[in-house]
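To keep things clear, I will list the structure first and then write my remarks on it.
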Amino acid sequence: PYWDEDACVDCTKCIDLCPTGSIRVDDGRYSITEATCINCSVCTTLCPTHAWKARATGIRVFVGGTMGKKPRLATVIEDRLDTPAEALDLVRKVLAVYRAEGRAKERLGHMMDRIGIDEFRRRIAEQG
């Protein structure tokens, strides 16, 4: 996201709502810390004056997140796909790899960790 100074009314809602605390204001200028921003669209969606705008749009596909005894954050497999059809095709490929490689009762994320993320991505690419 990027900030449009002319549209901003300095309500600080974006700072309060940002789930990662990535938005800062210094000397009346708002900025975003790209290293911590997760591109969740909270700022661009909830800003009452639309002062935060999307620099790029698309679909980001996360897979392998788990809860329970061995929690695991999901891994970004693809960033900025253009259409829902592309995302669905990718999810089908992920599931095909999981069906072929997963062990009984093994969660997707744990299978990804076992074979390695790079190998997992390679096997997805092989799905055609």
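Chain lettering (A, B, ...) mirrors the order of the structure tokens, residue numbering begins at 1 for each chain separately, and ligand numbering begins at 1 in order of display.
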Can you check which residues of region 29-116 of chain A DSSP gives as strand (DSSP E or B) on the backbone and send them as a PyMOL selection string?
chain A and resi 29-32+52-53+59-63+66+72+75-81
Residues from the last selection, N, CA, C and O atoms, saved as a PDB file, in the first residue's frame:
```pdb
ATOM      1  N   ARG A  29       3.639  12.829   8.251  1.00  0.00           N
ATOM      2  CA  ARG A  29       3.697  11.975   7.050  1.00  0.00           C
ATOM      3  C   ARG A  29       3.589  10.516   7.473  1.00  0.00           C
ATOM      4  O   ARG A  29       4.347  10.067   8.326  1.00  0.00           O
ATOM      5  N   TYR A  30       2.681   9.823   6.863  1.00  0.00           N
ATOM      6  CA  TYR A  30       2.480   8.410   7.168  1.00  0.00           C
ATOM      7  C   TYR A  30       3.361   7.569   6.260  1.00  0.00           C
ATOM      8  O   TYR A  30       3.589   7.906   5.103  1.00  0.00           O
ATOM      9  N   SER A  31       3.844   6.481   6.820  1.00  0.00           N
ATOM     10  CA  SER A  31       4.658   5.559   6.021  1.00  0.00           C
ATOM     11  C   SER A  31       4.391   4.141   6.493  1.00  0.00           C
ATOM     12  O   SER A  31       3.820   3.918   7.557  1.00  0.00           O
ATOM     13  N   ILE A  32       4.812   3.203   5.671  1.00  0.00           N
ATOM     14  CA  ILE A  32       4.607   1.801   5.994  1.00  0.00           C
ATOM     15  C   ILE A  32       5.955   1.094   5.993  1.00  0.00           C
ATOM     16  O   ILE A  32       6.808   1.385   5.157  1.00  0.00           O
ATOM     17  N   TRP A  52      -5.085   5.400   1.944  1.00  0.00           N
ATOM     18  CA  TRP A  52      -4.194   4.274   1.662  1.00  0.00           C
ATOM     19  C   TRP A  52      -4.716   3.577   0.421  1.00  0.00           C
ATOM     20  O   TRP A  52      -5.880   3.214   0.340  1.00  0.00           O
ATOM     21  N   LYS A  53      -3.852   3.400  -0.543  1.00  0.00           N
ATOM     22  CA  LYS A  53      -4.220   2.797  -1.818  1.00  0.00           C
ATOM     23  C   LYS A  53      -3.310   1.601  -2.102  1.00  0.00           C
ATOM     24  O   LYS A  53      -2.169   1.563  -1.667  1.00  0.00           O
ATOM     25  N   ILE A  59      -4.045 -12.118  -5.899  1.00  0.00           N
ATOM     26  CA  ILE A  59      -4.389 -13.131  -4.913  1.00  0.00           C
ATOM     27  C   ILE A  59      -3.106 -13.770  -4.405  1.00  0.00           C
ATOM     28  O   ILE A  59      -2.262 -14.200  -5.183  1.00  0.00           O
ATOM     29  N   ARG A  60      -2.972 -13.806  -3.088  1.00  0.00           N
ATOM     30  CA  ARG A  60      -1.821 -14.451  -2.446  1.00  0.00           C
ATOM     31  C   ARG A  60      -2.311 -15.766  -1.855  1.00  0.00           C
ATOM     32  O   ARG A  60      -3.316 -15.788  -1.151  1.00  0.00           O
ATOM     33  N   VAL A  61      -1.611 -16.849  -2.162  1.00  0.00           N
ATOM     34  CA  VAL A  61      -2.015 -18.175  -1.684  1.00  0.00           C
ATOM     35  C   VAL A  61      -1.071 -18.620  -0.571  1.00  0.00           C
ATOM     36  O   VAL A  61       0.129 -18.755  -0.786  1.00  0.00           O
ATOM     37  N   PHE A  62      -1.655 -18.831   0.607  1.00  0.00           N
ATOM     38  CA  PHE A  62      -0.946 -19.360   1.773  1.00  0.00           C
ATOM     39  C   PHE A  62      -1.366 -20.808   1.952  1.00  0.00           C
ATOM     40  O   PHE A  62      -2.552 -21.126   1.839  1.00  0.00           O
ATOM     41  N   VAL A  63      -0.435 -21.694   2.277  1.00  0.00           N
ATOM     42  CA  VAL A  63      -0.783 -23.083   2.578  1.00  0.00           C
ATOM     43  C   VAL A  63       0.049 -23.600   3.748  1.00  0.00           C
ATOM     44  O   VAL A  63       1.130 -23.099   4.025  1.00  0.00           O
ATOM     45  N   THR A  66      -1.056 -24.520  10.554  1.00  0.00           N
ATOM     46  CA  THR A  66      -1.674 -25.490  11.462  1.00  0.00           C
ATOM     47  C   THR A  66      -1.816 -24.904  12.858  1.00  0.00           C
ATOM     48  O   THR A  66      -1.115 -23.961  13.229  1.00  0.00           O
ATOM     49  N   ARG A  72       2.012 -24.048  13.186  1.00  0.00           N
ATOM     50  CA  ARG A  72       2.896 -23.649  12.086  1.00  0.00           C
ATOM     51  C   ARG A  72       2.219 -22.532  11.314  1.00  0.00           C
ATOM     52  O   ARG A  72       1.054 -22.657  10.930  1.00  0.00           O
ATOM     53  N   THR A  75       2.699 -20.856   4.744  1.00  0.00           N
ATOM     54  CA  THR A  75       3.753 -20.417   3.834  1.00  0.00           C
ATOM     55  C   THR A  75       3.112 -19.818   2.586  1.00  0.00           C
ATOM     56  O   THR A  75       2.156 -20.380   2.054  1.00  0.00           O
ATOM     57  N   VAL A  76       3.646 -18.696   2.120  1.00  0.00           N
ATOM     58  CA  VAL A  76       3.175 -18.121   0.865  1.00  0.00           C
ATOM     59  C   VAL A  76       3.730 -18.972  -0.270  1.00  0.00           C
ATOM     60  O   VAL A  76       4.936 -19.099  -0.434  1.00  0.00           O
ATOM     61  N   ILE A  77       2.838 -19.557  -1.047  1.00  0.00           N
ATOM     62  CA  ILE A  77       3.239 -20.386  -2.175  1.00  0.00           C
ATOM     63  C   ILE A  77       3.256 -19.561  -3.454  1.00  0.00           C
ATOM     64  O   ILE A  77       4.077 -19.779  -4.337  1.00  0.00           O
ATOM     65  N   GLU A  78       2.352 -18.617  -3.550  1.00  0.00           N
ATOM     66  CA  GLU A  78       2.299 -17.756  -4.738  1.00  0.00           C
ATOM     67  C   GLU A  78       1.792 -16.387  -4.325  1.00  0.00           C
ATOM     68  O   GLU A  78       0.955 -16.260  -3.450  1.00  0.00           O
ATOM     69  N   ASP A  79       2.323 -15.380  -4.969  1.00  0.00           N
ATOM     70  CA  ASP A  79       1.964 -14.010  -4.664  1.00  0.00           C
ATOM     71  C   ASP A  79       1.404 -13.343  -5.916  1.00  0.00           C
ATOM     72  O   ASP A  79       1.967 -13.466  -6.995  1.00  0.00           O
ATOM     73  N   ARG A  80       0.314 -12.654  -5.754  1.00  0.00           N
ATOM     74  CA  ARG A  80      -0.285 -11.837  -6.813  1.00  0.00           C
ATOM     75  C   ARG A  80      -0.718 -12.602  -8.059  1.00  0.00           C
ATOM     76  O   ARG A  80      -0.369 -12.242  -9.182  1.00  0.00           O
ATOM     77  N   LEU A  81      -1.482 -13.643  -7.852  1.00  0.00           N
ATOM     78  CA  LEU A  81      -2.141 -14.285  -8.987  1.00  0.00           C
ATOM     79  C   LEU A  81      -3.248 -13.349  -9.452  1.00  0.00           C
ATOM     80  O   LEU A  81      -3.840 -12.627  -8.657  1.00  0.00           O
TER      81      LEU A  81
END
```
Once DSSP has gone over the backbone, tell me which residues of chain A are in alpha helix (DSSP H), as a PDB file with C-alpha atoms, in the first residue's frame.
```pdb
ATOM      1  CA  LYS A  13      -7.380   4.853  12.152  1.00  0.00           C
ATOM      2  CA  CYS A  14      -4.836   3.077   9.971  1.00  0.00           C
ATOM      3  CA  ILE A  15      -2.308   2.997  12.796  1.00  0.00           C
ATOM      4  CA  ASP A  16      -4.886   1.598  15.214  1.00  0.00           C
ATOM      5  CA  LEU A  17      -6.151  -1.046  12.773  1.00  0.00           C
ATOM      6  CA  VAL A  42      -6.857  -3.534   6.192  1.00  0.00           C
ATOM      7  CA  CYS A  43      -5.505  -0.020   5.640  1.00  0.00           C
ATOM      8  CA  THR A  44      -6.701   0.245   2.032  1.00  0.00           C
ATOM      9  CA  THR A  45     -10.129  -1.158   2.869  1.00  0.00           C
ATOM     10  CA  LEU A  46     -10.909   0.564   6.171  1.00  0.00           C
ATOM     11  CA  PRO A  84      -9.522 -16.843  -8.770  1.00  0.00           C
ATOM     12  CA  ALA A  85      -9.219 -19.564 -11.439  1.00  0.00           C
ATOM     13  CA  GLU A  86      -5.404 -19.381 -11.207  1.00  0.00           C
ATOM     14  CA  ALA A  87      -5.592 -19.630  -7.414  1.00  0.00           C
ATOM     15  CA  LEU A  88      -7.937 -22.611  -7.600  1.00  0.00           C
ATOM     16  CA  ASP A  89      -5.631 -24.340 -10.082  1.00  0.00           C
ATOM     17  CA  LEU A  90      -2.696 -23.816  -7.716  1.00  0.00           C
ATOM     18  CA  VAL A  91      -4.671 -25.179  -4.754  1.00  0.00           C
ATOM     19  CA  ARG A  92      -5.524 -28.279  -6.810  1.00  0.00           C
ATOM     20  CA  LYS A  93      -1.804 -28.792  -7.508  1.00  0.00           C
ATOM     21  CA  VAL A  94      -0.975 -28.371  -3.818  1.00  0.00           C
ATOM     22  CA  LEU A  95      -3.598 -30.969  -2.919  1.00  0.00           C
ATOM     23  CA  ALA A  96      -2.255 -33.369  -5.565  1.00  0.00           C
ATOM     24  CA  VAL A  97       1.226 -33.155  -4.034  1.00  0.00           C
ATOM     25  CA  TYR A  98      -0.233 -33.598  -0.553  1.00  0.00           C
ATOM     26  CA  ARG A  99      -2.180 -36.695  -1.636  1.00  0.00           C
ATOM     27  CA  ALA A 100       0.944 -38.185  -3.224  1.00  0.00           C
ATOM     28  CA  GLU A 101       3.476 -37.279  -0.517  1.00  0.00           C
ATOM     29  CA  LEU A 108       0.049 -30.439   5.029  1.00  0.00           C
ATOM     30  CA  GLY A 109       2.384 -27.975   6.739  1.00  0.00           C
ATOM     31  CA  HIS A 110       4.288 -30.724   8.491  1.00  0.00           C
ATOM     32  CA  MET A 111       4.660 -32.605   5.201  1.00  0.00           C
ATOM     33  CA  MET A 112       6.012 -29.386   3.651  1.00  0.00           C
ATOM     34  CA  ASP A 113       8.566 -29.108   6.451  1.00  0.00           C
ATOM     35  CA  ARG A 114       9.550 -32.764   6.069  1.00  0.00           C
ATOM     36  CA  ILE A 115      10.278 -32.578   2.338  1.00  0.00           C
ATOM     37  CA  ILE A 117       9.701 -25.857   0.955  1.00  0.00           C
ATOM     38  CA  ASP A 118      11.891 -25.731  -2.165  1.00  0.00           C
ATOM     39  CA  GLU A 119      11.176 -29.381  -2.946  1.00  0.00           C
ATOM     40  CA  PHE A 120       7.475 -28.808  -2.267  1.00  0.00           C
ATOM     41  CA  ARG A 121       7.437 -25.904  -4.736  1.00  0.00           C
ATOM     42  CA  ARG A 122       9.290 -28.032  -7.316  1.00  0.00           C
ATOM     43  CA  ARG A 123       6.721 -30.810  -6.981  1.00  0.00           C
ATOM     44  CA  ILE A 124       3.875 -28.316  -7.400  1.00  0.00           C
ATOM     45  CA  ALA A 125       5.517 -27.045 -10.604  1.00  0.00           C
ATOM     46  CA  GLU A 126       5.723 -30.632 -11.873  1.00  0.00           C
TER      47      GLU A 126
END
```
Point out the residue among A:Ile38, A:Gly128, A:Asp82, A:Gly68 with the least atom-to-atom distance to Arg107 (chain A), counting only C-alpha atoms.
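Closest candidate: A:Gly68.
The coordinates place CA of Ala7 (chain A) at 16.7 Å from CA of Asp27 (chain A).
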Hey, which of A:Glu34, A:Arg55, A:Pro19, A:Cys40 ends up closest to Tyr2 (chain A)? Count only C-alpha atoms.
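Using only C-alpha atoms, the shortest distance to Tyr2 (chain A) belongs to A:Arg55.
Of the listed residues (A:Glu106, A:Gln127, A:Ser41, A:Asp10), A:Glu106 comes nearest to Gly64 (chain A); the distances count only C-alpha atoms.
Distance check against Cys47 (chain A) using only C-alpha atoms: of A:Ile23, A:Cys8, A:Leu73, A:Ala35, the minimum falls on A:Cys8.
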Can you tell me how far CA of Thr83 (chain A) sits from CA of Thr36 (chain A), in Å to one decimal?
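The value is 25.6 Å.
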Just the number, please: distance in Å from CA of Gly102 (chain A) to CA of Met67 (chain A), one decimal.
17.6 Å
Of the candidates A:Ala51, A:Asn39, A:Gly58, A:Lys105, which one gets nearest to Thr12 (chain A) if we count only C-alpha atoms?
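Under the stated criterion, the closest residue is A:Ala51.
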